[in-house]
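Peer 1: My structure is stored as final.pdb, with PDB, C-alpha atoms.
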```
ATOM      1  CA  MET L 126     -27.101 -14.963 -65.769  1.00  0.00           C
ATOM      2  CA  LEU L 127     -23.648 -15.893 -64.406  1.00  0.00           C
ATOM      3  CA  GLN L 128     -22.188 -12.592 -65.602  1.00  0.00           C
ATOM      4  CA  LEU L 129     -25.071 -10.700 -63.966  1.00  0.00           C
ATOM      5  CA  TRP L 130     -24.382 -12.504 -60.686  1.00  0.00           C
ATOM      6  CA  ARG L 131     -20.683 -11.618 -60.824  1.00  0.00           C
ATOM      7  CA  TRP L 132     -21.588  -8.000 -61.502  1.00  0.00           C
ATOM      8  CA  LEU L 133     -23.943  -7.902 -58.486  1.00  0.00           C
ATOM      9  CA  VAL L 134     -21.223  -9.355 -56.214  1.00  0.00           C
ATOM     10  CA  MET L 135     -18.639  -6.813 -57.446  1.00  0.00           C
ATOM     11  CA  ALA L 136     -21.109  -3.964 -57.018  1.00  0.00           C
ATOM     12  CA  ALA L 137     -21.907  -5.035 -53.450  1.00  0.00           C
ATOM     13  CA  GLY L 138     -18.181  -5.181 -52.603  1.00  0.00           C
ATOM     14  CA  SER L 139     -17.690  -1.708 -53.989  1.00  0.00           C
ATOM     15  CA  ILE L 140     -20.537  -0.387 -51.856  1.00  0.00           C
ATOM     16  CA  LEU L 141     -18.965  -1.953 -48.744  1.00  0.00           C
ATOM     17  CA  LEU L 142     -15.611  -0.351 -49.550  1.00  0.00           C
ATOM     18  CA  LEU L 143     -17.205   3.023 -50.063  1.00  0.00           C
ATOM     19  CA  ASN L 144     -19.217   2.770 -46.805  1.00  0.00           C
ATOM     20  CA  PRO L 145     -16.902   1.744 -43.957  1.00  0.00           C
ATOM     21  CA  CYS L 146     -18.317   1.288 -40.404  1.00  0.00           C
ATOM     22  CA  TRP L 147     -18.155   4.415 -38.222  1.00  0.00           C
ATOM     23  CA  ALA L 148     -18.884   4.773 -34.511  1.00  0.00           C
ATOM     24  CA  GLU L 149     -21.669   7.125 -35.378  1.00  0.00           C
ATOM     25  CA  SER L 150     -22.302   9.746 -38.059  1.00  0.00           C
ATOM     26  CA  ASN L 151     -25.221  11.843 -39.160  1.00  0.00           C
ATOM     27  CA  TYR L 152     -25.752  13.830 -42.342  1.00  0.00           C
ATOM     28  CA  LEU L 153     -28.025  16.801 -42.875  1.00  0.00           C
ATOM     29  CA  ALA L 154     -28.549  18.208 -46.374  1.00  0.00           C
ATOM     30  CA  SER L 155     -29.081  21.801 -45.295  1.00  0.00           C
ATOM     31  CA  ASN L 156     -27.148  25.051 -45.127  1.00  0.00           C
ATOM     32  CA  ALA L 157     -29.843  26.914 -43.222  1.00  0.00           C
ATOM     33  CA  ALA L 158     -28.779  28.976 -40.202  1.00  0.00           C
ATOM     34  CA  GLY L 159     -29.025  26.955 -37.001  1.00  0.00           C
ATOM     35  CA  ALA L 160     -28.842  23.584 -38.714  1.00  0.00           C
ATOM     36  CA  SER L 161     -26.854  21.015 -36.728  1.00  0.00           C
ATOM     37  CA  VAL L 162     -25.998  17.358 -36.531  1.00  0.00           C
ATOM     38  CA  SER L 163     -24.517  15.278 -33.715  1.00  0.00           C
ATOM     39  CA  ALA L 164     -22.359  12.189 -33.178  1.00  0.00           C
ATOM     40  CA  ARG L 165     -21.493  10.448 -29.939  1.00  0.00           C
ATOM     41  CA  LEU L 166     -18.744   8.405 -28.254  1.00  0.00           C
ATOM     42  CA  ASP L 167     -19.075   6.303 -25.095  1.00  0.00           C
ATOM     43  CA  PHE L 168     -16.088   6.382 -22.707  1.00  0.00           C
ATOM     44  CA  SER L 169     -15.215   3.840 -20.009  1.00  0.00           C
ATOM     45  CA  ILE L 170     -12.296   4.108 -17.558  1.00  0.00           C
ATOM     46  CA  VAL L 171     -11.449   1.128 -15.336  1.00  0.00           C
ATOM     47  CA  ILE L 172      -9.560   1.850 -12.078  1.00  0.00           C
ATOM     48  CA  PRO L 173      -8.182  -1.243 -10.303  1.00  0.00           C
ATOM     49  CA  SER L 174      -8.805  -1.848  -6.606  1.00  0.00           C
ATOM     50  CA  VAL L 175      -5.603  -1.324  -4.606  1.00  0.00           C
ATOM     51  CA  LEU L 176      -4.698  -2.022  -0.974  1.00  0.00           C
ATOM     52  CA  TYR L 177      -1.127  -0.931  -0.211  1.00  0.00           C
ATOM     53  CA  LEU L 178       0.931  -1.070   2.991  1.00  0.00           C
ATOM     54  CA  ARG L 179       4.466   0.143   3.488  1.00  0.00           C
ATOM     55  CA  ILE L 180       6.420  -0.222   6.741  1.00  0.00           C
ATOM     56  CA  GLY L 181      10.019   0.877   6.248  1.00  0.00           C
ATOM     57  CA  THR L 182      11.566   0.464   2.809  1.00  0.00           C
ATOM     58  CA  GLY L 183       9.037   0.205  -0.035  1.00  0.00           C
ATOM     59  CA  ASN L 184       8.215   0.877  -3.664  1.00  0.00           C
ATOM     60  CA  ALA L 185       5.692   3.284  -5.110  1.00  0.00           C
ATOM     61  CA  ILE L 186       2.034   2.292  -5.173  1.00  0.00           C
ATOM     62  CA  GLY L 187       1.356  -0.016  -8.093  1.00  0.00           C
ATOM     63  CA  ALA L 188       5.021  -0.848  -8.612  1.00  0.00           C
ATOM     64  CA  ALA L 189       6.539  -4.275  -7.927  1.00  0.00           C
ATOM     65  CA  ASN L 190       6.433  -5.564  -4.368  1.00  0.00           C
ATOM     66  CA  ASN L 191       9.487  -4.811  -2.221  1.00  0.00           C
ATOM     67  CA  SER L 192      10.708  -7.727  -0.111  1.00  0.00           C
ATOM     68  CA  THR L 193      13.177  -5.744   2.017  1.00  0.00           C
ATOM     69  CA  VAL L 194      12.685  -6.286   5.764  1.00  0.00           C
ATOM     70  CA  ASN L 195      14.401  -3.498   7.701  1.00  0.00           C
ATOM     71  CA  GLY L 196      16.392  -4.406  10.786  1.00  0.00           C
ATOM     72  CA  MET L 197      15.978  -2.738  14.172  1.00  0.00           C
ATOM     73  CA  ALA L 198      18.952  -3.089  16.558  1.00  0.00           C
ATOM     74  CA  PHE L 199      19.510  -1.729  20.069  1.00  0.00           C
ATOM     75  CA  ASN L 200      22.929  -1.829  21.714  1.00  0.00           C
ATOM     76  CA  VAL L 201      22.598  -1.218  25.471  1.00  0.00           C
ATOM     77  CA  PRO L 202      25.606   0.530  27.074  1.00  0.00           C
ATOM     78  CA  ALA L 203      27.103  -1.537  29.885  1.00  0.00           C
ATOM     79  CA  ASN L 204      26.745   1.239  32.470  1.00  0.00           C
ATOM     80  CA  ILE L 205      22.948   1.610  32.143  1.00  0.00           C
ATOM     81  CA  ILE L 206      21.700  -2.005  31.894  1.00  0.00           C
ATOM     82  CA  GLY L 207      18.163  -2.164  33.242  1.00  0.00           C
ATOM     83  CA  ASN L 208      18.144   1.304  34.841  1.00  0.00           C
ATOM     84  CA  GLY L 209      15.161   2.579  32.826  1.00  0.00           C
ATOM     85  CA  THR L 210      17.123   4.849  30.498  1.00  0.00           C
ATOM     86  CA  ASP L 211      15.622   4.650  27.017  1.00  0.00           C
ATOM     87  CA  VAL L 212      17.948   3.231  24.387  1.00  0.00           C
ATOM     88  CA  ALA L 213      17.637   4.484  20.800  1.00  0.00           C
ATOM     89  CA  ALA L 214      18.138   2.116  17.886  1.00  0.00           C
ATOM     90  CA  THR L 215      21.441   2.101  16.030  1.00  0.00           C
ATOM     91  CA  ALA L 216      21.975   4.538  13.170  1.00  0.00           C
ATOM     92  CA  GLY L 217      21.222   2.014  10.415  1.00  0.00           C
ATOM     93  CA  SER L 218      17.933   0.836  11.892  1.00  0.00           C
ATOM     94  CA  GLY L 219      14.817   1.505   9.804  1.00  0.00           C
ATOM     95  CA  ASP L 220      14.608   3.181   6.418  1.00  0.00           C
ATOM     96  CA  LEU L 221      14.725   6.630   8.074  1.00  0.00           C
ATOM     97  CA  GLY L 222      17.581   5.688  10.428  1.00  0.00           C
ATOM     98  CA  THR L 223      17.946   5.485  14.231  1.00  0.00           C
ATOM     99  CA  GLY L 224      14.844   3.360  14.699  1.00  0.00           C
ATOM    100  CA  ALA L 225      12.437   5.349  12.507  1.00  0.00           C
ATOM    101  CA  VAL L 226      10.393   3.862   9.668  1.00  0.00           C
ATOM    102  CA  THR L 227       8.031   5.164   7.007  1.00  0.00           C
ATOM    103  CA  VAL L 228       4.397   4.119   7.413  1.00  0.00           C
ATOM    104  CA  ARG L 229       2.119   4.513   4.380  1.00  0.00           C
ATOM    105  CA  VAL L 230      -1.337   3.056   3.720  1.00  0.00           C
ATOM    106  CA  PHE L 231      -3.392   3.447   0.549  1.00  0.00           C
ATOM    107  CA  SER L 232      -6.788   1.998  -0.312  1.00  0.00           C
ATOM    108  CA  ASN L 233      -9.298   2.933  -2.978  1.00  0.00           C
ATOM    109  CA  VAL L 234     -11.614  -0.008  -2.332  1.00  0.00           C
ATOM    110  CA  GLY L 235     -14.213   2.176  -0.634  1.00  0.00           C
ATOM    111  CA  GLY L 236     -14.080   1.348   3.070  1.00  0.00           C
ATOM    112  CA  SER L 237     -11.850   1.981   6.056  1.00  0.00           C
ATOM    113  CA  VAL L 238      -8.702  -0.043   6.739  1.00  0.00           C
ATOM    114  CA  SER L 239      -7.690  -1.946   9.866  1.00  0.00           C
ATOM    115  CA  LEU L 240      -3.956  -1.823  10.643  1.00  0.00           C
ATOM    116  CA  ASN L 241      -2.573  -4.371  13.091  1.00  0.00           C
ATOM    117  CA  SER L 242       0.667  -5.832  14.421  1.00  0.00           C
ATOM    118  CA  ALA L 243       1.457  -9.443  15.242  1.00  0.00           C
ATOM    119  CA  VAL L 244       4.322 -11.085  17.134  1.00  0.00           C
ATOM    120  CA  THR L 245       5.053 -14.719  17.964  1.00  0.00           C
ATOM    121  CA  GLY L 246       6.031 -14.279  21.611  1.00  0.00           C
ATOM    122  CA  ALA L 247       8.642 -12.488  23.700  1.00  0.00           C
ATOM    123  CA  LEU L 248      12.059 -11.841  22.185  1.00  0.00           C
ATOM    124  CA  GLY L 249      14.311 -14.759  23.140  1.00  0.00           C
ATOM    125  CA  ASP L 250      18.067 -15.262  23.333  1.00  0.00           C
ATOM    126  CA  GLY L 251      18.050 -18.971  22.435  1.00  0.00           C
ATOM    127  CA  ALA L 252      19.046 -19.897  25.983  1.00  0.00           C
ATOM    128  CA  GLY L 253      15.670 -19.649  27.710  1.00  0.00           C
ATOM    129  CA  HIS L 254      15.749 -15.931  28.578  1.00  0.00           C
ATOM    130  CA  SER L 255      13.402 -13.342  27.126  1.00  0.00           C
ATOM    131  CA  ILE L 256      12.481  -9.676  26.847  1.00  0.00           C
ATOM    132  CA  ALA L 257       8.795  -8.768  26.581  1.00  0.00           C
ATOM    133  CA  TRP L 258       7.474  -6.649  23.726  1.00  0.00           C
ATOM    134  CA  SER L 259       6.243  -4.200  26.365  1.00  0.00           C
ATOM    135  CA  GLU L 260       9.883  -3.074  26.525  1.00  0.00           C
ATOM    136  CA  ILE L 261       9.608  -1.686  22.989  1.00  0.00           C
ATOM    137  CA  THR L 262       7.922   1.708  22.810  1.00  0.00           C
ATOM    138  CA  VAL L 263       6.762   3.355  19.598  1.00  0.00           C
ATOM    139  CA  THR L 264       6.565   7.108  19.030  1.00  0.00           C
ATOM    140  CA  GLU L 265       4.174   8.237  16.290  1.00  0.00           C
ATOM    141  CA  ALA L 266       4.794  11.380  14.221  1.00  0.00           C
ATOM    142  CA  ALA L 267       4.370  12.912  10.779  1.00  0.00           C
ATOM    143  CA  LEU L 268       7.029  12.400   8.129  1.00  0.00           C
ATOM    144  CA  ALA L 269       9.520  15.228   7.685  1.00  0.00           C
ATOM    145  CA  SER L 270       8.304  15.558   4.089  1.00  0.00           C
ATOM    146  CA  GLY L 271       4.853  14.446   2.984  1.00  0.00           C
ATOM    147  CA  THR L 272       3.521  12.977  -0.263  1.00  0.00           C
ATOM    148  CA  THR L 273       1.065  14.917  -2.402  1.00  0.00           C
ATOM    149  CA  GLY L 274      -2.469  13.609  -1.916  1.00  0.00           C
ATOM    150  CA  PHE L 275      -1.702  11.883   1.407  1.00  0.00           C
ATOM    151  CA  THR L 276      -2.579  12.997   4.922  1.00  0.00           C
ATOM    152  CA  ASN L 277       0.826  13.232   6.607  1.00  0.00           C
ATOM    153  CA  ALA L 278       0.260  12.894  10.357  1.00  0.00           C
ATOM    154  CA  ALA L 279       0.894  10.596  13.303  1.00  0.00           C
ATOM    155  CA  ILE L 280      -0.693   7.143  12.846  1.00  0.00           C
ATOM    156  CA  THR L 281      -1.559   5.315  16.043  1.00  0.00           C
ATOM    157  CA  HIS L 282       0.646   2.238  16.357  1.00  0.00           C
ATOM    158  CA  PRO L 283      -1.328  -0.996  16.892  1.00  0.00           C
ATOM    159  CA  ALA L 284      -0.241  -2.066  20.382  1.00  0.00           C
ATOM    160  CA  PHE L 285       1.768  -5.302  20.637  1.00  0.00           C
ATOM    161  CA  ASN L 286       0.284  -8.475  22.044  1.00  0.00           C
ATOM    162  CA  THR L 287       2.507  -9.034  25.087  1.00  0.00           C
ATOM    163  CA  GLY L 288       1.067 -12.460  25.942  1.00  0.00           C
ATOM    164  CA  ALA L 289       3.395 -15.438  26.253  1.00  0.00           C
ATOM    165  CA  GLY L 290       2.383 -16.785  22.867  1.00  0.00           C
ATOM    166  CA  GLY L 291       2.100 -13.435  21.133  1.00  0.00           C
ATOM    167  CA  GLY L 292      -0.499 -13.039  18.383  1.00  0.00           C
ATOM    168  CA  ASN L 293      -2.368 -10.104  16.931  1.00  0.00           C
ATOM    169  CA  GLY L 294      -2.188  -6.790  18.738  1.00  0.00           C
ATOM    170  CA  THR L 295      -4.766  -4.036  19.144  1.00  0.00           C
ATOM    171  CA  ALA L 296      -5.794  -2.838  15.707  1.00  0.00           C
ATOM    172  CA  THR L 297      -5.888   0.783  14.588  1.00  0.00           C
ATOM    173  CA  THR L 298      -8.677   1.851  12.222  1.00  0.00           C
ATOM    174  CA  LEU L 299      -7.853   4.248   9.394  1.00  0.00           C
ATOM    175  CA  THR L 300     -11.109   5.873   8.344  1.00  0.00           C
ATOM    176  CA  ALA L 301     -11.890   6.270   4.655  1.00  0.00           C
ATOM    177  CA  THR L 302     -12.682   9.692   3.203  1.00  0.00           C
ATOM    178  CA  SER L 303     -14.693   9.730  -0.023  1.00  0.00           C
ATOM    179  CA  GLY L 304     -13.990   6.011  -0.411  1.00  0.00           C
ATOM    180  CA  MET L 305     -10.228   6.452  -0.041  1.00  0.00           C
ATOM    181  CA  VAL L 306      -7.586   5.882   2.638  1.00  0.00           C
ATOM    182  CA  ARG L 307      -4.405   7.886   2.005  1.00  0.00           C
ATOM    183  CA  ARG L 308      -2.394   8.105   5.214  1.00  0.00           C
ATOM    184  CA  GLU L 309       1.297   8.336   5.989  1.00  0.00           C
ATOM    185  CA  GLY L 310       3.541   9.038   8.948  1.00  0.00           C
ATOM    186  CA  GLN L 311       6.500   7.582  10.804  1.00  0.00           C
ATOM    187  CA  TRP L 312       7.097   5.323  13.786  1.00  0.00           C
ATOM    188  CA  THR L 313      10.238   5.457  15.924  1.00  0.00           C
ATOM    189  CA  TYR L 314      11.090   2.465  18.113  1.00  0.00           C
ATOM    190  CA  THR L 315      12.891   2.672  21.461  1.00  0.00           C
ATOM    191  CA  TYR L 316      14.017   0.044  23.969  1.00  0.00           C
ATOM    192  CA  SER L 317      12.728   0.973  27.447  1.00  0.00           C
ATOM    193  CA  ASN L 318      15.524  -0.880  29.261  1.00  0.00           C
ATOM    194  CA  THR L 319      13.636  -1.374  32.537  1.00  0.00           C
ATOM    195  CA  ASN L 320      14.770  -4.952  33.275  1.00  0.00           C
ATOM    196  CA  VAL L 321      18.159  -6.443  34.128  1.00  0.00           C
ATOM    197  CA  VAL L 322      18.565  -9.500  31.902  1.00  0.00           C
ATOM    198  CA  PRO L 323      21.420 -11.930  31.115  1.00  0.00           C
ATOM    199  CA  ALA L 324      23.874 -11.026  28.362  1.00  0.00           C
ATOM    200  CA  GLY L 325      22.947 -12.104  24.855  1.00  0.00           C
ATOM    201  CA  THR L 326      21.216 -11.121  21.626  1.00  0.00           C
ATOM    202  CA  TYR L 327      17.436 -11.168  22.020  1.00  0.00           C
ATOM    203  CA  GLY L 328      15.380 -11.582  18.870  1.00  0.00           C
ATOM    204  CA  GLY L 329      17.147 -10.754  15.622  1.00  0.00           C
ATOM    205  CA  THR L 330      15.545 -13.686  13.778  1.00  0.00           C
ATOM    206  CA  PRO L 331      11.987 -15.013  13.409  1.00  0.00           C
ATOM    207  CA  ALA L 332      13.071 -18.151  15.269  1.00  0.00           C
ATOM    208  CA  ARG L 333      13.774 -15.996  18.339  1.00  0.00           C
ATOM    209  CA  ASN L 334      10.507 -14.065  17.946  1.00  0.00           C
ATOM    210  CA  GLY L 335      12.323 -11.001  16.682  1.00  0.00           C
ATOM    211  CA  ARG L 336       9.953 -10.165  13.837  1.00  0.00           C
ATOM    212  CA  ILE L 337       6.822  -7.979  13.828  1.00  0.00           C
ATOM    213  CA  THR L 338       4.315  -8.574  11.042  1.00  0.00           C
ATOM    214  CA  TYR L 339       2.021  -5.679  10.173  1.00  0.00           C
ATOM    215  CA  THR L 340      -1.201  -6.260   8.261  1.00  0.00           C
ATOM    216  CA  ALA L 341      -3.614  -3.866   6.571  1.00  0.00           C
ATOM    217  CA  ALA L 342      -7.103  -5.329   6.141  1.00  0.00           C
ATOM    218  CA  GLN L 343     -10.015  -3.826   4.257  1.00  0.00           C
ATOM    219  CA  LEU L 344     -13.104  -3.253   6.395  1.00  0.00           C
TER
END
```
Could you express the structure from this file as structure tokens?
Peer 2:
Amino acid sequence: MLQLWRWLVMAAGSILLLNPCWAESNYLASNAAGASVSARLDFSIVIPSVLYLRIGTGNAIGAANNSTVNGMAFNVPANIIGNGTDVAATAGSGDLGTGAVTVRVFSNVGGSVSLNSAVTGALGDGAGHSIAWSEITVTEAALASGTTGFTNAAITHPAFNTGAGGGNGTATTLTATSGMVRREGQWTYTYSNTNVVPAGTYGGTPARNGRITYTAAQL
């Protein structure tokens, strides 16, 4: 009886080895014309939800975050202080130079995206003097060279909050198309230079209210 049991166990193991598990298979013992069999596979592709915002220097979508904060500097010539002549940013300002920055928004979450700006108050010089954010104008335009799959066109800049305490500005809505937002463009900043103010460096650091924070929010 023991030997019979061992033989049954060995036979069962052999059957398992000869019959591995397949996804699916069918066998038809026929060579008739038109005979057929079928087997199936089920596919699943998972796409992650992504909300991406680039203002100035940035990495590709899905790459590591880029912590670079571009500077924006305006040097006013002594002979035109406060006379209303626009002053362009210095050559090294912005990732595109002379006050221009790349703007790129991507979302595949399904809805539109709200794009807004926020400041913490007027730009100060540390000595009690200030320049309002209304003195900074922004020109919207398309990028010189677009990215495949993106709509390359002017993106309305979310107007600054010019109140004494700053805060969120006036948001711009980027409308989704087929569940996607893929927009890019460029913003160029200019100092309007309409006020005569004391000498000094205004802004330049967060402590002197010199930083704009842009936020993309899913709607």
Peer 1: Name the residues that the PyMOL selection byres ((chain L and resi 327) around 12) picks from the file above, as a ChimeraX atom specification, using the file's chain letters and numbers.
Peer 2: /L:197-201,246-258,260,316,322-326,328-336
Peer 1: Just how far from CA of Gly294 (chain L) is CA of Ala279 (chain L), in Å to one decimal?
Peer 2: 18.5 Å
Peer 1: For each of L:Val238, L:Ala243, L:Val194, L:Ile186, take the minimum atom-to-atom distance to Gln343 (chain L), counting only C-alpha atoms, then give the residue where this is smallest.
Peer 2: L:Val238
Peer 1: Output the residue selection produced by the PyMOL selection byres ((chain L and resi 225) around 10) on the file above, formatted as number ranges by chain.
Peer 2: L: 181, 197, 213-214, 216-224, 226-228, 263-266, 268, 311-315
Peer 1: What does the distance from CA of Gly310 (chain L) to CA of Thr273 (chain L) come to in Å, to one decimal?
Peer 2: 13.0 Å
Peer 1: Using all atoms listed in the file, what residues lie at most 6 Å away from (-1.8, 8.1, 2.3) (file coordinates), given as a PyMOL selection string?
Peer 2: chain L and resi 229-231+275-276+307-309
Peer 1: Given the choices L:Val234, L:Ala342, L:Ile261, L:Ala289, which gets closest to Ser174 (chain L) if the distance is worked out from only C-alpha atoms?
Peer 2: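 Among the listed residues, L:Val234 lies closest to Ser174 (chain L).
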